[in-house]
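Following: one structure in structure tokens, then a few remarks.
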Amino acid sequence: MVLFRVCVAVAAIVVSAKVAAGHRATQQPADHLGQLQPLLDWFIQMNVGSNTLSGPSFDPTKNPLSSSIFINGNMARALLASARISGNATQLREGLRWCDTFASQQQHITTASGLEAGYWGVGYPVLGPVECNDQCCTTWHSAHLNGNLV
């Protein structure tokens with residue numbers, strides 16, 4: 001949750017920097033990124049481009065959200081926005097690397113109408129395989145209505 005809040009804060013500051021720069025012609029948007037630079041460097045250090053955060057004193061096996069496409073996507077978005085403002089090629093490469101990783105993780109599926117489609121896992125902890133047929137769903141629904149859901 002802390003990572004999510006940090007990403008939202010970074011995105012808000014980057015957007016604010018762009019808006020503020022538009023109102024003050026004497027100040028460049030990159031001037032506002034100085035306070036964010038340590039955080040953006042940390043995003044790169046955490047290997048966000050792999051979509052599995054890891055780094056010094058951070059064990060992804062102990063953090064169930066280390067592969068969240070939402071958190072990591074926000075980090076990559078902050079890197080890309082900063083790169084656009086500042087021209088920082090390292091931030092651009094890491095943000096685009098996350099995009100490539102994200103695209104490669106698409107799961108293929110056939111829709112009910114027989115069309116090809118795709119989806120992504122959200123990166124939250126796996127609770128176990130979910131295999132359901134009509135009987136399974138009917139049984140679950142009946143048990144739930146009768147208060148017997150275990």
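In the structure tokens, the first chain shown is A, the next is B, and so on; residue numbers restart at 1 for each chain, and ligands run from 1 in the order shown.
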Original post:
Can you list, as a ChimeraX atom specification, every residue of stretch 63-129 of chain A that DSSP puts in helix (DSSP H, G or I)?
Top reply: /A:69-86,89-104
Original post:
When DSSP works through the backbone of this structure, what residues of stretch 67-120 of chain A end up as strand (DSSP E or B), shown as a PyMOL selection string?
Top reply: chain A and resi 107-110+116-119
May I have the selected residues written with C-alpha atoms, as an mmCIF file, in the first residue's frame?
data_model
loop_
_atom_site.group_PDB
_atom_site.id
_atom_site.type_symbol
_atom_site.label_atom_id
_atom_site.label_comp_id
_atom_site.auth_asym_id
_atom_site.auth_seq_id
_atom_site.Cartn_x
_atom_site.Cartn_y
_atom_site.Cartn_z
ATOM 1 C CA GLN A 107 -2.465 -14.268 -21.322
ATOM 2 C CA HIS A 108 -4.399 -15.473 -24.344
ATOM 3 C CA ILE A 109 -7.970 -16.664 -24.106
ATOM 4 C CA THR A 110 -10.876 -17.471 -26.382
ATOM 5 C CA GLU A 116 -9.275 -14.375 -29.543
ATOM 6 C CA ALA A 117 -8.730 -12.070 -26.571
ATOM 7 C CA GLY A 118 -6.192 -11.386 -23.880
ATOM 8 C CA TYR A 119 -5.961 -10.468 -20.228
#
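In this model, the gap between atom CA of A:Gln105 and atom CA of A:Ser57 comes to 26.2 Å.
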Original post:
In terms of the shortest atom-to-atom distance over only C-alpha atoms, which of A:Gly73, A:Pro38, A:Pro56, A:Pro64 is closest to A:Cys99?
Top reply: A:Gly73
Original post:
Leaving out stretch 88-97 of chain A and any residue of its chain fewer than 5 positions from it, which residues lie within 10 Å of it when counting only C-alpha atoms, given as number ranges by chain?
Top reply: A: 40-41, 43-45, 47-51, 72-83, 102-103
**OP:** Provide the atom CA of A:Ser66 to atom CA of A:Met46 distance in Å, to one decimal place.
**Re:**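 Between atom CA of A:Ser66 and atom CA of A:Met46 the gap is 9.8 Å.
From atom CA of A:Gly87 back to atom CA of A:Gly34, the distance works out to 13.4 Å.
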